[in-house]
Structure formats: structure tokens, C-alpha cells
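Following: one structure in C-alpha cells, then a few remarks.
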Amino acid sequence: MKQVFEGIKVVDFAWSAVGTQVGRELAYHGATVIRVESHSRPCPLRSMAPFKDGITGLDRAGVFAEFNAQKYGMTVDMTHPNSKEVARRLVAWADIISDSMTPGTLANFGLDYESCREINPRIIYFSTTMQGQDGPHKDFQGFGHHANALFGVSQTTGWPDGEPNLGGTAYSDFIAPWYLLVAVIGALLRRSKTGEGTYIEQSQLEAGLNFVVPHLLDYGVNNRILERMGNRDREMAPHGIYPCEGADRWVAIAVADDAQWRSFCRVIGNPEWAGDPKFDTSSQRKANEDVMDNLICEWTRNYTQEQVMKMMQEAGVAAGVVETGEDLLNDPQMKYRGHFPVLNHHGIGPHSYHAPSYKLSKTPCQITRPAPCIGEHNEYVYNEILGFSGDEIADMIAEGVITTES
């Protein structure tokens, strides 16, 4: 069946995570996506753990593989003067150009939007950077961890008596791509009606701000700053992660109101302490939360995390297992939905990939090709797509336009 983006051609100059995820989603649904790198400046995800068997290497990084499945990989040294014709043919071929480098980087190679539009007036070009293409902080470089700090999530993550926390992941890297993807789809629809290309410019900081709006409003209206609370909530109690039977096994429980508290107490057997007046209302439970949490831990330790989750959910209390990576890969719901297809990567071997978290009923995604090793598809891209002859390709390899060594 024809895919929703079949026939769309993407040149992916994106750096690191945000832009590459947009290209991946387009590729998953039929777009032809070319990942452009060089051995002297490979994508930083190629040097990011985890690596297959703990052995480093440009073609052994799991994160790069995850974000670049279903793409073709080519290498070109954009600093080489003879690379200009390669760049020109890429732009002329493409429908979409992706850029996630510091403002001005691609312009140095003659690949800014205006230059690309002169070659291809129908081009859709998106740029995503830490704080946008203009303003006093436009040259701020960084990764999602830095954006975490900038949009306030680090300040509110951690324990009350501890320091701000990065949150374990580059959170904004998993927010910004979806705004971009919607904008790209809008640009494609607009072009289908007008024939005109579009320039899309994104600040990852501004994308992240959408996820702290309640805290911004609370400060604007009440002059109140959200403080670090660990796993707790301003209103709900109990609300936390509790230890269960087994080594490092945990369950999350959240009691939203007094009715759920009564259901919670029935599940744990209505112990004598649960009837103490100091736990009668949400406000009283908040005031005595340390004592209450210790008592709950004594109960949860007697059961597996799955047992606690099942008992609580059946009683109408929100609860969920705290899953490890191994748990997720073996989760029966994820298996049923086919969320982790396994592809045979040339550098890693059999490797699990994430399918999209959404499904299109008429054009379901197709994940058939693992992420490329660096320069893996040079011959195909240069010859079949860009139309260079064998002699021209050999000359570019000899000159170093097409890179082959790191």
C-alpha cells in the first residue's frame, strides 16, 4: 500500500537528536531520507553510549541507530571546495532540508534557506536550534540537557534537600520533534495547494516551555515558584514510588482524593494506622506524608510490583509498575502492538527499534531497513540518486570529497 509520505525526498543535515527524529518519522511512512555526514564530523550520536557489547565505534552506537532507521547514509566533506556540486544536486533533488546546527553553520556551505530556494523554489527547509535563529542567545550551543535547565524542568526535578536534576534524559529532545513534524506536514499541504516552499524555524527552548505552562501561570498569578518535591505532588497523597518484593522492584501509586484513599485502605487490609485521624483528608495526609509513606512501604514490600498494581487498579486507584529496559522489551502489551521491531544492523547485529507511538489505519508504517553505517549507501546515493558517474565518484573519493576514513 502506498505510504503517506511516499515520493517525498528529504536531505537530512540534522545534528544529534531533534531533527533526525523528524526525518525518521517521515522515513517510517514512505519518504526517501538521505542522512548526510562526514567521517571528520560524524553525528555526535555515533559517539554516545550505549555501544554494542560496550565497544565504542561509529557504527556501534545504539542511540544513532534508533534515531536513523529507514534512512540512507552518505558522506561528504562540505568544507571541500569540490563538494558544492554535490550540495547543489542534493538540494535540487530534495523536497525537504533538515538543519539542526548552530545558526549560520549551513550558511557557511551555501546551504542556508535563501541559497537553497534559489536552486529549488519548492524546497521546505526547517531549522531547529537551542534558542532560535535570532536574538542575543541565538548562538547558544547545547543538547537537550541544557534546554532542560533553560526551560525550568531541572529546577523542579529532584529531592527537596538536593540539587536540581537533569531528569535522566534530554527531555526537550523528545518534545521539539513533534512540533516540527506537524509544521512540516502543514508545509507539505500548503505546497500541494500553492506550489510554494516554506522556511520553518524552531526554538527548542520555546517548545519545552509548553510543558511547564502550569508552573509559569502559578508564578504569574500567585507569585509562587514550584520547588523540588521528589516523587510527590502538591495535592495528592499518597503519591510516590514504593518498594516491592524482589531486588530493585518498585511500584508507583497515586491517590487523587478521599474516596480513592478509602479504596486504597481496603486494598491494604484497613490496618489500624489507616484509621488515624491524621490521615483523614488529603491536607492531613500531606502534613503527615513521611510517616504515611513509611507505613505504606511496609505493606508494599510483601508483594510483587505486578500484584500491587493489579490490586490497586481493580480498586480504582492509579498504580503502575516501574519497568526496567528489560521489562519494556518483554512487556506483553508492547509485544502485541509490535512496538519493538528487530532489524539486523550491520555494525550492531539484531537490534530493537521503536515503532511510532501512533498508527495510521490506511498507511501503517514500514520499518524494514536499519540505520546506516557511516557512508553505507554512498554508491547508491551518488550514482542512482544524484547521477554522478563511476569516474566522477572515484575522483571525489580520491580528492576526499567523499570521506571514507575517520
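The way I read the labels, and the way they are meant: chains A, B, ... in the order of the C-alpha cells, residue 1 as the first residue of every chain, and ligand 1 as the first ligand shown, with later ones counted on from there.
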Please run DSSP on the backbone and report, as number ranges by chain, all residues within region 145-382 of chain A that come out as alpha helix (DSSP H).
A: 145-150, 176-194, 204-209, 213-222, 258-267, 282-287, 289-300, 305-314, 325-329, 332-336, 378-379
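Per DSSP on the backbone, strand (DSSP E or B) in region 23-143 of chain A comprises Thr32, Val33, Ile34, Arg35, Val36, Glu37, Phe51, Ala61, Tyr72, Gly73, Met74, Thr75, Ile96, Ile97, Ser98, Asp99, Ile124, Tyr125, Phe126, Ser127, Thr128 and Thr129 of chain A.
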Could you please take those selected residues and save C-alpha atoms as a tab-separated table (two decimals), in the first residue's frame?
chain	number	residue	atom	x	y	z
A	32	THR	CA	13.23	8.71	0.98
A	33	VAL	CA	15.63	10.20	3.53
A	34	ILE	CA	19.38	10.68	2.98
A	35	ARG	CA	21.43	11.14	6.16
A	36	VAL	CA	24.40	13.39	5.35
A	37	GLU	CA	27.57	13.11	7.45
A	51	PHE	CA	27.52	0.75	22.43
A	61	ALA	CA	26.06	3.29	18.94
A	72	TYR	CA	20.16	6.07	3.51
A	73	GLY	CA	23.59	7.17	4.70
A	74	MET	CA	26.11	9.17	2.67
A	75	THR	CA	29.31	11.01	3.47
A	96	ILE	CA	12.71	18.86	2.50
A	97	ILE	CA	16.01	20.02	4.02
A	98	SER	CA	16.60	19.48	7.75
A	99	ASP	CA	19.05	21.58	9.76
A	124	ILE	CA	10.68	23.07	2.54
A	125	TYR	CA	13.51	23.88	4.92
A	126	PHE	CA	13.38	23.52	8.70
A	127	SER	CA	15.92	24.73	11.23
A	128	THR	CA	15.81	23.71	14.87
A	129	THR	CA	18.27	25.16	17.37
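The residue that comes closest to Lys71 (chain A), out of A:Pro243, A:Pro44, A:Pro238, A:Gly23 and on the basis of only C-alpha atoms, is A:Gly23.
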In Å, how far is it from CA of Ile200 (chain A) to CA of Cys365 (chain A)?
24.9 Å
Residues near Gln155 (chain A), cut-off 12 Å, only C-alpha atoms, skip fewer than 4 positions along chain, as a list in words
His146, Ala147, Asn148, Ala149, Leu150, Phe151, Trp159, Pro160, Gly162, Glu163, Pro164, Asn165, Leu166, Gly167, Val212, His215, Ile225, Leu226, Glu227, Arg228, Met229 and Gly230 of chain A
As a check of understanding: the span from CA of Ala237 (chain A) to CA of Ser282 (chain A) is 6.1 Å
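Distances to Pro372 (chain A) were evaluated for A:His29, A:Arg46, A:Arg262, A:His137 using only C-alpha atoms, and the minimum falls at A:Arg46.
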With 10 Å as the cut-off and only C-alpha atoms counted, what is the closest atom pair between each nearby residue of region 144-188 of chain A and region 12-18 of chain A? Distances in Å to one decimal, ordered by chain and number, as a Markdown table.
| residue | atom | partner | partner_atom | distance |
| --- | --- | --- | --- | --- |
| A:Gly144 | CA | A:Ala17 | CA | 8.6 |
| A:Ala170 | CA | A:Ala17 | CA | 9.4 |
| A:Ser172 | CA | A:Val18 | CA | 8.5 |
| A:Asp173 | CA | A:Val18 | CA | 5.3 |
| A:Phe174 | CA | A:Val18 | CA | 7.3 |
| A:Ile175 | CA | A:Val18 | CA | 8.5 |
| A:Ala176 | CA | A:Val18 | CA | 6.5 |
| A:Pro177 | CA | A:Val18 | CA | 5.4 |
| A:Trp178 | CA | A:Val18 | CA | 9.1 |
| A:Leu180 | CA | A:Val18 | CA | 8.9 |
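With CA of Thr324 (chain A) on one side and CA of Ser352 (chain A) on the other, the separation reads 15.1 Å.
Each of A:Pro214, A:Gly338, A:Pro271, A:Gly316 was checked against Ala259 (chain A) using only C-alpha atoms; the smallest atom-to-atom distance is that of A:Gly316.
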Residue contacts of Pro121 (chain A) (9 Å, only C-alpha atoms) excluding same-chain residues fewer than 2 positions away, as JSON, numbers by chain:
{"A": [116, 117, 118, 119, 123, 124, 195, 196, 197]}
Would you export the selected residues with C-alpha atoms as a CSV table (one decimal), in the first residue's frame, please?
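This is the output file again_26.csv:
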chain,number,residue,atom,x,y,z
A,116,CYS,CA,18.6,26.5,-1.3
A,117,ARG,CA,15.5,28.3,-2.6
A,118,GLU,CA,17.4,29.7,-5.5
A,119,ILE,CA,18.2,26.2,-6.5
A,123,ILE,CA,12.0,23.5,-1.0
A,124,ILE,CA,10.7,23.1,2.5
A,195,GLY,CA,3.4,25.2,-5.2
A,196,GLU,CA,5.5,27.3,-2.8
A,197,GLY,CA,8.1,26.2,-0.3
Polymer residues at most 12 Å from region 245-249 of chain A, only C-alpha atoms, same-chain spacing of 5 or more positions, as a PyMOL selection string
chain A and resi 297-308+320-324+327
Pick out the residues sitting within 12 Å of region 54-58 of chain A, and hand them over as a list of chain:residue names; count only C-alpha atoms, and ignore anything fewer than 6 positions along from it in its own chain.
A:Glu37, A:Ser38, A:His39, A:Ser40, A:Arg41, A:Pro42, A:Cys43, A:Pro44, A:Leu45, A:Arg46, A:Ser47, A:Met48, A:Phe64, A:Ala65, A:His346, A:Gly347, A:Ile348, A:Ala371, A:Pro372, A:Cys373, A:Ile374, A:Gly375, A:Glu376, A:Glu405, A:Ser406
